[in-house]
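The structure file structure_32.cif is reproduced below (mmCIF, C-alpha atoms).
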data_protein
#
loop_
_atom_site.group_PDB
_atom_site.id
_atom_site.type_symbol
_atom_site.label_atom_id
_atom_site.label_comp_id
_atom_site.auth_asym_id
_atom_site.auth_seq_id
_atom_site.Cartn_x
_atom_site.Cartn_y
_atom_site.Cartn_z
ATOM 1 C CA MET A 1 72.760 107.037 53.334
ATOM 2 C CA THR A 2 72.469 103.369 52.462
ATOM 3 C CA ARG A 3 71.382 102.930 48.873
ATOM 4 C CA SER A 4 68.049 101.388 47.959
ATOM 5 C CA PRO A 5 67.380 99.704 44.591
ATOM 6 C CA LEU A 6 66.578 103.167 43.270
ATOM 7 C CA SER A 7 70.259 104.034 43.425
ATOM 8 C CA ILE A 8 71.091 101.543 40.668
ATOM 9 C CA PHE A 9 70.135 104.024 37.996
ATOM 10 C CA LEU A 10 70.935 107.140 40.037
ATOM 11 C CA VAL A 11 74.604 106.277 40.405
ATOM 12 C CA GLY A 12 74.955 105.524 36.722
ATOM 13 C CA ALA A 13 73.883 107.464 33.687
ATOM 14 C CA VAL A 14 71.203 109.443 35.422
ATOM 15 C CA GLY A 15 73.480 110.718 38.157
ATOM 16 C CA LEU A 16 70.785 112.048 40.506
ATOM 17 C CA SER A 17 70.842 112.080 44.275
ATOM 18 C CA LEU A 18 68.950 109.326 46.046
ATOM 19 C CA ALA A 19 66.722 111.778 47.813
ATOM 20 C CA ALA A 20 65.672 113.431 44.568
ATOM 21 C CA CYS A 21 63.530 110.444 43.662
ATOM 22 C CA GLY A 22 62.148 109.998 47.114
ATOM 23 C CA SER A 23 63.744 106.772 48.327
ATOM 24 C CA SER A 24 63.827 106.272 52.079
ATOM 25 C CA SER A 25 65.458 102.856 52.441
ATOM 26 C CA LEU A 26 68.058 103.015 55.195
ATOM 27 C CA SER A 27 70.050 100.522 57.174
ATOM 28 C CA GLY A 28 69.683 100.104 60.908
ATOM 29 C CA GLY A 29 67.276 102.400 62.701
ATOM 30 C CA ASP A 30 67.939 105.579 60.743
ATOM 31 C CA ALA A 31 64.643 105.528 58.854
ATOM 32 C CA ALA A 32 62.690 105.726 62.104
ATOM 33 C CA LYS A 33 64.534 108.748 63.447
ATOM 34 C CA PRO A 34 62.425 111.927 63.472
ATOM 35 C CA SER A 35 63.598 115.160 61.917
ATOM 36 C CA SER A 36 62.681 118.575 63.202
ATOM 37 C CA ALA A 37 62.050 121.815 61.391
ATOM 38 C CA PRO A 38 63.845 124.887 62.743
ATOM 39 C CA ALA A 39 62.115 126.929 65.407
ATOM 40 C CA ALA A 40 59.546 129.356 64.062
ATOM 41 C CA THR A 41 60.981 132.839 63.566
ATOM 42 C CA GLN A 42 57.844 134.914 62.939
ATOM 43 C CA THR A 43 55.468 136.140 65.615
ATOM 44 C CA ALA A 44 52.709 133.681 66.423
ATOM 45 C CA ASP A 45 49.072 134.588 65.818
ATOM 46 C CA ALA A 46 47.426 134.657 69.254
ATOM 47 C CA ALA A 47 43.972 133.841 67.873
ATOM 48 C CA LEU A 48 45.346 130.723 66.174
ATOM 49 C CA VAL A 49 47.371 129.679 69.201
ATOM 50 C CA ALA A 50 44.201 129.778 71.310
ATOM 51 C CA LYS A 51 42.706 127.020 69.126
ATOM 52 C CA LEU A 52 45.596 124.610 69.636
ATOM 53 C CA PRO A 53 45.015 121.397 71.577
ATOM 54 C CA ALA A 54 46.455 121.706 75.096
ATOM 55 C CA LYS A 55 48.921 118.866 74.450
ATOM 56 C CA ILE A 56 50.504 120.649 71.483
ATOM 57 C CA LYS A 57 50.487 124.054 73.176
ATOM 58 C CA SER A 58 52.275 122.602 76.182
ATOM 59 C CA ALA A 59 54.842 120.678 74.119
ATOM 60 C CA GLY A 60 55.665 123.587 71.828
ATOM 61 C CA THR A 61 56.066 121.063 69.007
ATOM 62 C CA ILE A 62 53.701 119.483 66.484
ATOM 63 C CA VAL A 63 54.500 115.811 65.863
ATOM 64 C CA VAL A 64 53.789 114.933 62.232
ATOM 65 C CA GLY A 65 53.528 111.453 60.737
ATOM 66 C CA THR A 66 54.620 111.329 57.105
ATOM 67 C CA ASP A 67 55.580 108.746 54.488
ATOM 68 C CA ALA A 68 58.845 110.317 53.361
ATOM 69 C CA THR A 69 59.080 108.420 50.053
ATOM 70 C CA TYR A 70 56.860 110.637 47.890
ATOM 71 C CA ALA A 71 59.040 113.228 46.166
ATOM 72 C CA PRO A 72 58.562 116.098 45.616
ATOM 73 C CA ASN A 73 55.846 116.298 48.275
ATOM 74 C CA GLU A 74 57.642 114.634 51.204
ATOM 75 C CA TYR A 75 60.918 112.728 51.072
ATOM 76 C CA LEU A 76 64.244 112.307 52.844
ATOM 77 C CA ASP A 77 67.025 114.753 52.053
ATOM 78 C CA THR A 78 70.529 113.605 51.165
ATOM 79 C CA ASP A 79 71.407 113.125 54.849
ATOM 80 C CA GLY A 80 68.870 110.285 54.953
ATOM 81 C CA LYS A 81 67.126 111.787 57.987
ATOM 82 C CA THR A 82 65.695 115.229 57.271
ATOM 83 C CA VAL A 83 62.201 115.271 55.763
ATOM 84 C CA VAL A 84 61.827 117.878 53.008
ATOM 85 C CA GLY A 85 59.400 118.665 50.203
ATOM 86 C CA MET A 86 56.476 120.800 49.109
ATOM 87 C CA ASP A 87 54.143 119.622 51.887
ATOM 88 C CA VAL A 88 56.890 120.167 54.443
ATOM 89 C CA ASP A 89 57.470 123.756 53.334
ATOM 90 C CA ILE A 90 53.744 124.473 53.560
ATOM 91 C CA PHE A 91 53.372 122.911 56.984
ATOM 92 C CA ASN A 92 56.472 124.600 58.384
ATOM 93 C CA ALA A 93 54.867 127.918 57.414
ATOM 94 C CA ILE A 94 51.638 126.853 59.168
ATOM 95 C CA ALA A 95 53.567 125.912 62.308
ATOM 96 C CA ALA A 96 55.282 129.296 62.291
ATOM 97 C CA LYS A 97 51.838 130.906 62.515
ATOM 98 C CA PHE A 98 51.354 128.927 65.727
ATOM 99 C CA GLY A 99 54.862 129.726 66.999
ATOM 100 C CA LEU A 100 55.698 126.009 67.085
ATOM 101 C CA LYS A 101 58.451 123.658 65.982
ATOM 102 C CA VAL A 102 57.636 120.584 63.891
ATOM 103 C CA GLU A 103 58.947 117.059 64.433
ATOM 104 C CA TYR A 104 58.539 114.873 61.349
ATOM 105 C CA GLN A 105 58.372 111.137 62.006
ATOM 106 C CA PRO A 106 58.695 108.905 58.900
ATOM 107 C CA ALA A 107 56.004 106.221 58.821
ATOM 108 C CA LYS A 108 54.297 103.791 56.474
ATOM 109 C CA PHE A 109 51.597 105.569 54.504
ATOM 110 C CA ASP A 110 48.759 103.259 55.499
ATOM 111 C CA SER A 111 49.587 103.569 59.219
ATOM 112 C CA ILE A 112 49.488 107.359 59.510
ATOM 113 C CA ILE A 113 45.770 108.056 59.919
ATOM 114 C CA LEU A 114 45.548 105.368 62.601
ATOM 115 C CA GLY A 115 48.591 106.949 64.257
ATOM 116 C CA VAL A 116 46.819 110.318 64.342
ATOM 117 C CA SER A 117 43.652 108.734 65.742
ATOM 118 C CA SER A 118 45.615 106.983 68.493
ATOM 119 C CA GLY A 119 47.528 110.123 69.468
ATOM 120 C CA LYS A 120 50.915 108.924 68.238
ATOM 121 C CA TYR A 121 50.999 111.866 65.819
ATOM 122 C CA ASP A 122 49.337 115.252 66.162
ATOM 123 C CA VAL A 123 49.035 115.591 62.391
ATOM 124 C CA GLY A 124 49.248 113.400 59.304
ATOM 125 C CA LEU A 125 50.922 115.056 56.328
ATOM 126 C CA SER A 126 51.459 112.718 53.401
ATOM 127 C CA SER A 127 49.618 113.777 50.227
ATOM 128 C CA PHE A 128 46.356 112.300 51.500
ATOM 129 C CA THR A 129 43.605 112.631 48.926
ATOM 130 C CA ILE A 130 40.435 113.646 50.730
ATOM 131 C CA ASN A 131 37.687 111.067 50.273
ATOM 132 C CA ASP A 132 34.609 109.873 52.143
ATOM 133 C CA THR A 133 36.369 106.904 53.722
ATOM 134 C CA ARG A 134 39.147 109.009 55.202
ATOM 135 C CA LYS A 135 36.670 111.613 56.459
ATOM 136 C CA THR A 136 35.032 108.919 58.594
ATOM 137 C CA GLN A 137 38.414 108.243 60.206
ATOM 138 C CA ALA A 138 39.783 111.752 60.707
ATOM 139 C CA THR A 139 39.244 115.456 60.121
ATOM 140 C CA MET A 140 40.984 116.805 57.009
ATOM 141 C CA VAL A 141 41.913 120.313 55.852
ATOM 142 C CA SER A 142 42.298 120.877 52.109
ATOM 143 C CA TYR A 143 45.488 122.586 50.907
ATOM 144 C CA PHE A 144 46.294 121.414 47.339
ATOM 145 C CA ASN A 145 44.609 119.897 44.295
ATOM 146 C CA ALA A 146 46.149 116.876 42.539
ATOM 147 C CA GLY A 147 45.065 114.270 40.038
ATOM 148 C CA THR A 148 46.479 110.937 38.853
ATOM 149 C CA GLN A 149 49.191 110.644 36.202
ATOM 150 C CA TRP A 150 50.345 107.478 34.416
ATOM 151 C CA VAL A 151 54.051 107.134 33.615
ATOM 152 C CA THR A 152 55.837 104.717 31.274
ATOM 153 C CA PRO A 153 59.415 104.112 30.128
ATOM 154 C CA LYS A 154 60.538 106.581 27.473
ATOM 155 C CA GLY A 155 58.862 105.824 24.165
ATOM 156 C CA ASN A 156 56.153 103.762 25.875
ATOM 157 C CA PRO A 157 57.479 100.467 24.444
ATOM 158 C CA LYS A 158 54.440 98.454 25.583
ATOM 159 C CA LYS A 159 52.081 101.063 24.091
ATOM 160 C CA VAL A 160 50.354 101.442 27.447
ATOM 161 C CA ASP A 161 46.921 103.028 27.239
ATOM 162 C CA PRO A 162 45.585 103.948 30.709
ATOM 163 C CA GLU A 163 42.095 103.163 29.442
ATOM 164 C CA ASN A 164 43.156 99.679 28.327
ATOM 165 C CA ALA A 165 46.003 98.334 30.457
ATOM 166 C CA CYS A 166 44.616 94.789 30.592
ATOM 167 C CA GLY A 167 47.257 92.125 31.194
ATOM 168 C CA LEU A 168 50.022 94.631 31.937
ATOM 169 C CA ASN A 169 52.224 94.988 35.013
ATOM 170 C CA VAL A 170 51.391 98.338 36.597
ATOM 171 C CA GLY A 171 53.265 99.855 39.532
ATOM 172 C CA VAL A 172 51.526 101.631 42.400
ATOM 173 C CA GLN A 173 52.314 102.615 45.983
ATOM 174 C CA LYS A 174 50.586 100.631 48.718
ATOM 175 C CA GLY A 175 47.668 102.344 50.440
ATOM 176 C CA THR A 176 47.148 105.096 47.872
ATOM 177 C CA VAL A 177 43.811 105.690 46.154
ATOM 178 C CA GLN A 178 45.489 104.474 42.973
ATOM 179 C CA GLU A 179 46.146 101.096 44.623
ATOM 180 C CA THR A 180 42.884 100.717 46.534
ATOM 181 C CA ASP A 181 40.384 102.246 44.083
ATOM 182 C CA ASP A 182 41.682 103.211 40.659
ATOM 183 C CA LEU A 183 43.644 100.146 39.576
ATOM 184 C CA PRO A 184 41.116 97.570 40.887
ATOM 185 C CA ALA A 185 38.293 99.335 39.029
ATOM 186 C CA ARG A 186 40.280 99.339 35.793
ATOM 187 C CA SER A 187 41.221 95.698 36.240
ATOM 188 C CA LYS A 188 37.579 94.753 36.805
ATOM 189 C CA LYS A 189 36.620 96.400 33.535
ATOM 190 C CA CYS A 190 39.218 94.189 31.858
ATOM 191 C CA THR A 191 37.955 90.950 33.364
ATOM 192 C CA ASP A 192 34.304 91.927 32.809
ATOM 193 C CA ALA A 193 35.177 92.269 29.128
ATOM 194 C CA GLY A 194 36.881 88.871 29.069
ATOM 195 C CA LYS A 195 40.378 90.367 29.005
ATOM 196 C CA PRO A 196 43.312 89.594 31.338
ATOM 197 C CA ALA A 197 43.378 91.424 34.661
ATOM 198 C CA ILE A 198 45.934 94.140 35.361
ATOM 199 C CA ASN A 199 48.811 92.800 37.456
ATOM 200 C CA PRO A 200 49.580 95.349 40.199
ATOM 201 C CA VAL A 201 53.229 95.792 41.181
ATOM 202 C CA VAL A 202 52.858 97.196 44.703
ATOM 203 C CA ASP A 203 55.476 98.621 47.053
ATOM 204 C CA GLU A 204 55.333 100.735 50.195
ATOM 205 C CA ASP A 205 58.086 102.978 48.780
ATOM 206 C CA GLN A 206 57.173 105.120 45.766
ATOM 207 C CA GLY A 207 60.860 105.320 44.834
ATOM 208 C CA LYS A 208 60.913 101.553 44.350
ATOM 209 C CA VAL A 209 57.755 101.735 42.233
ATOM 210 C CA THR A 210 59.534 104.215 39.977
ATOM 211 C CA THR A 211 62.545 101.907 39.814
ATOM 212 C CA ALA A 212 60.291 99.026 38.767
ATOM 213 C CA VAL A 213 59.197 100.991 35.695
ATOM 214 C CA ILE A 214 62.757 101.936 34.749
ATOM 215 C CA SER A 215 64.015 98.367 35.175
ATOM 216 C CA GLY A 216 61.135 96.864 33.193
ATOM 217 C CA LYS A 217 59.580 95.018 36.117
ATOM 218 C CA ALA A 218 56.525 97.214 35.600
ATOM 219 C CA ASP A 219 55.205 98.379 32.224
ATOM 220 C CA ALA A 220 53.844 101.596 33.734
ATOM 221 C CA MET A 221 52.924 103.203 37.018
ATOM 222 C CA LEU A 222 50.270 105.572 38.232
ATOM 223 C CA ALA A 223 50.726 108.105 41.021
ATOM 224 C CA ASP A 224 49.567 111.524 42.126
ATOM 225 C CA SER A 225 50.296 114.022 39.372
ATOM 226 C CA PRO A 226 53.024 116.017 41.194
ATOM 227 C CA VAL A 227 54.843 112.781 41.992
ATOM 228 C CA GLY A 228 54.499 111.214 38.551
ATOM 229 C CA LEU A 229 55.624 114.355 36.747
ATOM 230 C CA TYR A 230 58.512 114.851 39.171
ATOM 231 C CA ALA A 231 59.709 111.299 38.453
ATOM 232 C CA VAL A 232 59.646 112.068 34.721
ATOM 233 C CA LYS A 233 61.653 115.239 35.276
ATOM 234 C CA GLN A 234 64.242 113.683 37.599
ATOM 235 C CA THR A 235 65.095 110.584 35.557
ATOM 236 C CA ASN A 236 66.706 112.419 32.658
ATOM 237 C CA GLY A 237 64.621 111.047 29.810
ATOM 238 C CA GLN A 238 64.116 107.509 31.087
ATOM 239 C CA LEU A 239 60.416 108.036 31.759
ATOM 240 C CA GLU A 240 57.540 109.892 30.132
ATOM 241 C CA ALA A 241 53.976 110.813 31.039
ATOM 242 C CA ALA A 242 51.215 108.734 29.468
ATOM 243 C CA GLY A 243 47.766 110.194 28.965
ATOM 244 C CA GLN A 244 46.306 113.180 30.784
ATOM 245 C CA ILE A 245 45.925 113.990 34.473
ATOM 246 C CA TYR A 246 42.508 112.866 35.707
ATOM 247 C CA ASP A 247 40.355 112.607 38.849
ATOM 248 C CA ALA A 248 41.669 115.812 40.374
ATOM 249 C CA ALA A 249 40.861 116.012 44.084
ATOM 250 C CA PRO A 250 42.120 117.933 47.113
ATOM 251 C CA TYR A 251 44.898 116.819 49.426
ATOM 252 C CA GLY A 252 44.147 117.099 53.126
ATOM 253 C CA ILE A 253 46.152 117.678 56.276
ATOM 254 C CA VAL A 254 44.948 115.067 58.778
ATOM 255 C CA VAL A 255 44.065 115.698 62.420
ATOM 256 C CA ALA A 256 42.103 113.595 64.897
ATOM 257 C CA LYS A 257 38.386 113.251 64.268
ATOM 258 C CA ASP A 258 37.373 115.308 67.313
ATOM 259 C CA GLN A 259 39.842 118.166 66.758
ATOM 260 C CA THR A 260 37.719 120.415 64.566
ATOM 261 C CA ASP A 261 38.952 123.606 66.254
ATOM 262 C CA PHE A 262 42.541 122.617 65.471
ATOM 263 C CA ALA A 263 41.532 121.848 61.881
ATOM 264 C CA LYS A 264 39.844 125.243 61.527
ATOM 265 C CA ALA A 265 42.943 126.919 62.921
ATOM 266 C CA ILE A 266 45.092 125.155 60.306
ATOM 267 C CA GLY A 267 42.674 126.364 57.627
ATOM 268 C CA ASP A 268 42.871 129.917 58.982
ATOM 269 C CA ALA A 269 46.670 129.732 58.970
ATOM 270 C CA LEU A 270 46.637 128.597 55.344
ATOM 271 C CA THR A 271 44.303 131.459 54.443
ATOM 272 C CA ALA A 272 46.738 133.909 56.014
ATOM 273 C CA LEU A 273 49.650 132.313 54.147
ATOM 274 C CA ASN A 274 47.718 132.606 50.898
ATOM 275 C CA THR A 275 47.061 136.296 51.552
ATOM 276 C CA SER A 276 50.731 136.947 52.297
ATOM 277 C CA GLY A 277 51.900 135.035 49.225
ATOM 278 C CA GLU A 278 53.869 132.458 51.237
ATOM 279 C CA TYR A 279 51.575 129.601 50.221
ATOM 280 C CA LYS A 280 52.036 130.067 46.486
ATOM 281 C CA LYS A 281 55.743 130.711 46.970
ATOM 282 C CA ALA A 282 56.055 127.260 48.543
ATOM 283 C CA LEU A 283 54.232 125.657 45.609
ATOM 284 C CA ALA A 284 56.302 127.561 43.043
ATOM 285 C CA LYS A 285 59.529 126.292 44.622
ATOM 286 C CA TRP A 286 58.477 122.778 43.579
ATOM 287 C CA GLY A 287 56.850 123.695 40.251
ATOM 288 C CA ASN A 288 53.344 122.935 41.519
ATOM 289 C CA GLU A 289 51.580 126.293 41.239
ATOM 290 C CA SER A 290 48.851 124.707 39.103
ATOM 291 C CA GLY A 291 47.618 122.764 42.139
ATOM 292 C CA ALA A 292 46.966 125.865 44.246
ATOM 293 C CA VAL A 293 43.585 126.203 45.925
ATOM 294 C CA THR A 294 41.969 129.363 47.292
ATOM 295 C CA THR A 295 39.678 127.815 49.915
ATOM 296 C CA PHE A 296 41.151 125.768 52.757
ATOM 297 C CA ALA A 297 38.119 123.800 53.865
ATOM 298 C CA VAL A 298 37.580 121.392 56.725
ATOM 299 C CA ASN A 299 36.230 118.062 55.394
ATOM 300 C CA PRO A 300 35.183 119.456 51.997
#

Written form, structure tokens:
Amino acid sequence: MTRSPLSIFLVGAVGLSLAACGSSSLSGGDAAKPSSAPAATQTADAALVAKLPAKIKSAGTIVVGTDATYAPNEYLDTDGKTVVGMDVDIFNAIAAKFGLKVEYQPAKFDSIILGVSSGKYDVGLSSFTINDTRKTQATMVSYFNAGTQWVTPKGNPKKVDPENACGLNVGVQKGTVQETDDLPARSKKCTDAGKPAINPVVDEDQGKVTTAVISGKADAMLADSPVGLYAVKQTNGQLEAAGQIYDAAPYGIVVAKDQTDFAKAIGDALTALNTSGEYKKALAKWGNESGAVTTFAVNP
């Protein structure tokens, strides 16, 4: 796997694998190659299978668009090709209920919903926070609850206060609610009060955002709570959480706007996985039990 800028600190004192911090930068065409989950081994649920779109039923495979740079939720394994993570484990279990394989296709975060709408992907799975804007574009099934977490270098040398980050360089991944909603609103409060605006340090790759904080290019970053806390854990003391988790909201699995039966079937599969204990087992593997939900709603 070709190293991205994230590997600068991973190869040195930190000594972590590149995949552990969610980088997906590859040379050549490797980043665009899909990865497939193993064939389902459990017996499919006939009632759920009946709700599948004909295209998926015929193919025997669900094609999933995902931004594989968001560890621990979805990221590339050490081979630089296989998509792994909490969301992947959950969706593989869903697919098994349908008796289907899954083909994960890495994509830019802000292109995935459009890709689902156009039929390029059957499903979008990429830590999508459910909000009103996205519900006008697609149908979403809730499966996890996450908030936003700020992260700074260890010791918080710039004394970053999330409620007063005026004039600071703040890292954020492109297309996330943190980039489109949260940071602009905070920056506006600064300028309305006559203070300097927040300078966003934006990248399509969350791993590079994390690197920006470690290198000092950014004074802090904000990301979904599982991702921010995972970055703190994986960088061996180079980062720390700043402030509390806030604005908790559900993640949603994305399907096309008109595929409500498919969405309901996904929700039913999640309910069955919750009953069997497989759902919480998948969360526990990644230390995210606190984000468990008990209702898997369509467009909540």

> Applied to this file, what does the PyMOL selection byres ((chain A and resi 170) around 9) return in terms of residues, put as a ChimeraX atom specification?
Replying inline: /A:165,168-169,171-172,183,198-202,213,217-222

>> I'd like the neighbourhood of stretch 113-117 of chain A as a list in words, where a residue qualifies if any of its atoms comes within 10 Å (using all atoms listed in the file), though same-chain residues fewer than 6 positions away should be ignored.
In response: Val63, Val64, Gly65, Thr66, Ala107, Val123, Gly124, Leu125, Ser126, Phe128, Arg134, Gln137, Ala138, Thr139, Val254, Val255, Ala256, Lys257 and Asp258 of chain A

>> For this structure, which residues satisfy the selection - the PyMOL selection byres ((chain A and resi 286) around 12) - when it is evaluated on the file as given? I want them as a count of residues only.
In response: 30

> How would you write, as a ChimeraX atom specification, the residues chosen by the PyMOL selection byres ((chain A and resi 164) around 12) on this structure?
Replying inline: /A:158-163,165-168,170,183,185-191,193,195-198,243

> Pick the closest to A:Thr180 from A:Asp79, A:Glu103, A:Asp122, A:Asp110: which is it, counting only C-alpha atoms?
Replying inline: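 For A:Thr180, the nearest of the candidates is A:Asp110.
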
> Mind listing as an MDAnalysis selection string all residues within 6 Å of (49.5, 109.3, 41.5), counting all atoms listed in the file?
Replying inline: chainID A and resid 148:149 222:225

> Given the choices A:Thr275, A:Thr78, A:Thr211, A:Thr61, which gets closest to A:Tyr121 if the distance is worked out from all atoms listed in the file?
Replying inline: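 With all atoms listed in the file as the atom set, the closest residue is A:Thr61.
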
>> One decimal, in Å: what's the spacing between atom CA of A:Gly228 and atom CA of A:Lys154?
In response: 13.4 Å

> How many Å lie between atom CA of A:Asn131 and atom CA of A:Leu270, rounded to one decimal?
Replying inline: 20.3 Å

>> Between atom CA of A:Ala146 and atom CA of A:Pro250, what is the distance in Å, rounded to a tenth?
In response: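 Distance reported for this atom pair: 6.2 Å.
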
> Which one is closest to A:Lys135: A:Asn299, A:Gly119, A:Thr235, A:Gly267? Count all atoms listed in the file.
Replying inline: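 Comparing A:Asn299, A:Gly119, A:Thr235, A:Gly267 against A:Lys135, the winner is A:Asn299.
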
> Out of A:Gly216, A:Gly277, A:Pro300, A:Gly80, which residue has the shortest atom-to-atom distance to A:Pro157 when counting all atoms listed in the file?
Replying inline: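 When distances to A:Pro157 are compared using all atoms listed in the file, the smallest one comes from A:Gly216.
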
> Given the choices A:Thr69, A:Thr294, A:Thr260, A:Gln238, which gets closest to A:Gly207 if the distance is worked out from only C-alpha atoms?
Replying inline: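 Closest residue, counting only C-alpha atoms: A:Thr69.
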
> Pick from A:Ser142, A:Pro34, A:Tyr70, A:Gly147: nearest to A:Tyr104, with all atoms listed in the file counted?
Replying inline: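 Of A:Ser142, A:Pro34, A:Tyr70, A:Gly147, the one nearest A:Tyr104, counting all atoms listed in the file, is A:Pro34.
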
Quick one: residues within 10 Å of A:Thr271, only C-alpha atoms counted, chain neighbours fewer than 5 positions away excluded, as a PDB file with C-alpha atoms, in the coordinates of the input?
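See out-v6.pdb below for the written result:
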ATOM      1  CA  ILE A  94      51.638 126.853  59.168  1.00  0.00           C
ATOM      2  CA  TYR A 143      45.488 122.586  50.907  1.00  0.00           C
ATOM      3  CA  ALA A 265      42.943 126.919  62.921  1.00  0.00           C
ATOM      4  CA  ILE A 266      45.092 125.155  60.306  1.00  0.00           C
ATOM      5  CA  SER A 276      50.731 136.947  52.297  1.00  0.00           C
ATOM      6  CA  GLY A 277      51.900 135.035  49.225  1.00  0.00           C
ATOM      7  CA  TYR A 279      51.575 129.601  50.221  1.00  0.00           C
ATOM      8  CA  THR A 294      41.969 129.363  47.292  1.00  0.00           C
ATOM      9  CA  THR A 295      39.678 127.815  49.915  1.00  0.00           C
ATOM     10  CA  PHE A 296      41.151 125.768  52.757  1.00  0.00           C
ATOM     11  CA  ALA A 297      38.119 123.800  53.865  1.00  0.00           C
TER      12      ALA A 297
END

Reconstruct N, CA and C atoms of stretch 84-101 of chain A from the incomplete input and present them as a PDB file, in the frame of the given file.
ATOM      1  N   VAL A  84      61.969 116.641  53.778  1.00  0.00           N
ATOM      2  CA  VAL A  84      61.827 117.878  53.008  1.00  0.00           C
ATOM      3  C   VAL A  84      60.723 117.684  51.969  1.00  0.00           C
ATOM      4  N   GLY A  85      60.371 118.769  51.278  1.00  0.00           N
ATOM      5  CA  GLY A  85      59.400 118.665  50.203  1.00  0.00           C
ATOM      6  C   GLY A  85      58.372 119.778  50.229  1.00  0.00           C
ATOM      7  N   MET A  86      57.510 119.771  49.233  1.00  0.00           N
ATOM      8  CA  MET A  86      56.476 120.800  49.109  1.00  0.00           C
ATOM      9  C   MET A  86      55.561 120.837  50.334  1.00  0.00           C
ATOM     10  N   ASP A  87      55.034 119.667  50.732  1.00  0.00           N
ATOM     11  CA  ASP A  87      54.143 119.622  51.887  1.00  0.00           C
ATOM     12  C   ASP A  87      54.838 120.108  53.147  1.00  0.00           C
ATOM     13  N   VAL A  88      56.111 119.774  53.266  1.00  0.00           N
ATOM     14  CA  VAL A  88      56.890 120.167  54.443  1.00  0.00           C
ATOM     15  C   VAL A  88      57.042 121.685  54.498  1.00  0.00           C
ATOM     16  N   ASP A  89      57.336 122.297  53.364  1.00  0.00           N
ATOM     17  CA  ASP A  89      57.470 123.756  53.334  1.00  0.00           C
ATOM     18  C   ASP A  89      56.161 124.429  53.725  1.00  0.00           C
ATOM     19  N   ILE A  90      55.051 123.899  53.222  1.00  0.00           N
ATOM     20  CA  ILE A  90      53.744 124.473  53.560  1.00  0.00           C
ATOM     21  C   ILE A  90      53.460 124.313  55.050  1.00  0.00           C
ATOM     22  N   PHE A  91      53.716 123.125  55.585  1.00  0.00           N
ATOM     23  CA  PHE A  91      53.372 122.911  56.984  1.00  0.00           C
ATOM     24  C   PHE A  91      54.306 123.657  57.920  1.00  0.00           C
ATOM     25  N   ASN A  92      55.567 123.805  57.549  1.00  0.00           N
ATOM     26  CA  ASN A  92      56.472 124.600  58.384  1.00  0.00           C
ATOM     27  C   ASN A  92      55.968 126.042  58.497  1.00  0.00           C
ATOM     28  N   ALA A  93      55.418 126.558  57.396  1.00  0.00           N
ATOM     29  CA  ALA A  93      54.867 127.918  57.414  1.00  0.00           C
ATOM     30  C   ALA A  93      53.622 127.985  58.305  1.00  0.00           C
ATOM     31  N   ILE A  94      52.807 126.918  58.279  1.00  0.00           N
ATOM     32  CA  ILE A  94      51.638 126.853  59.168  1.00  0.00           C
ATOM     33  C   ILE A  94      52.097 126.857  60.626  1.00  0.00           C
ATOM     34  N   ALA A  95      53.074 126.015  60.937  1.00  0.00           N
ATOM     35  CA  ALA A  95      53.567 125.912  62.308  1.00  0.00           C
ATOM     36  C   ALA A  95      54.127 127.241  62.804  1.00  0.00           C
ATOM     37  N   ALA A  96      54.747 127.990  61.908  1.00  0.00           N
ATOM     38  CA  ALA A  96      55.282 129.296  62.291  1.00  0.00           C
ATOM     39  C   ALA A  96      54.161 130.235  62.731  1.00  0.00           C
ATOM     40  N   LYS A  97      52.993 130.099  62.109  1.00  0.00           N
ATOM     41  CA  LYS A  97      51.838 130.906  62.515  1.00  0.00           C
ATOM     42  C   LYS A  97      51.407 130.579  63.945  1.00  0.00           C
ATOM     43  N   PHE A  98      51.673 129.350  64.362  1.00  0.00           N
ATOM     44  CA  PHE A  98      51.354 128.927  65.727  1.00  0.00           C
ATOM     45  C   PHE A  98      52.528 129.144  66.689  1.00  0.00           C
ATOM     46  N   GLY A  99      53.679 129.556  66.163  1.00  0.00           N
ATOM     47  CA  GLY A  99      54.862 129.726  66.999  1.00  0.00           C
ATOM     48  C   GLY A  99      55.433 128.414  67.484  1.00  0.00           C
ATOM     49  N   LEU A 100      55.297 127.352  66.671  1.00  0.00           N
ATOM     50  CA  LEU A 100      55.698 126.009  67.085  1.00  0.00           C
ATOM     51  C   LEU A 100      56.800 125.432  66.204  1.00  0.00           C
ATOM     52  N   LYS A 101      57.543 124.489  66.759  1.00  0.00           N
ATOM     53  CA  LYS A 101      58.451 123.658  65.982  1.00  0.00           C
ATOM     54  C   LYS A 101      57.665 122.476  65.429  1.00  0.00           C
TER      55      LYS A 101
END
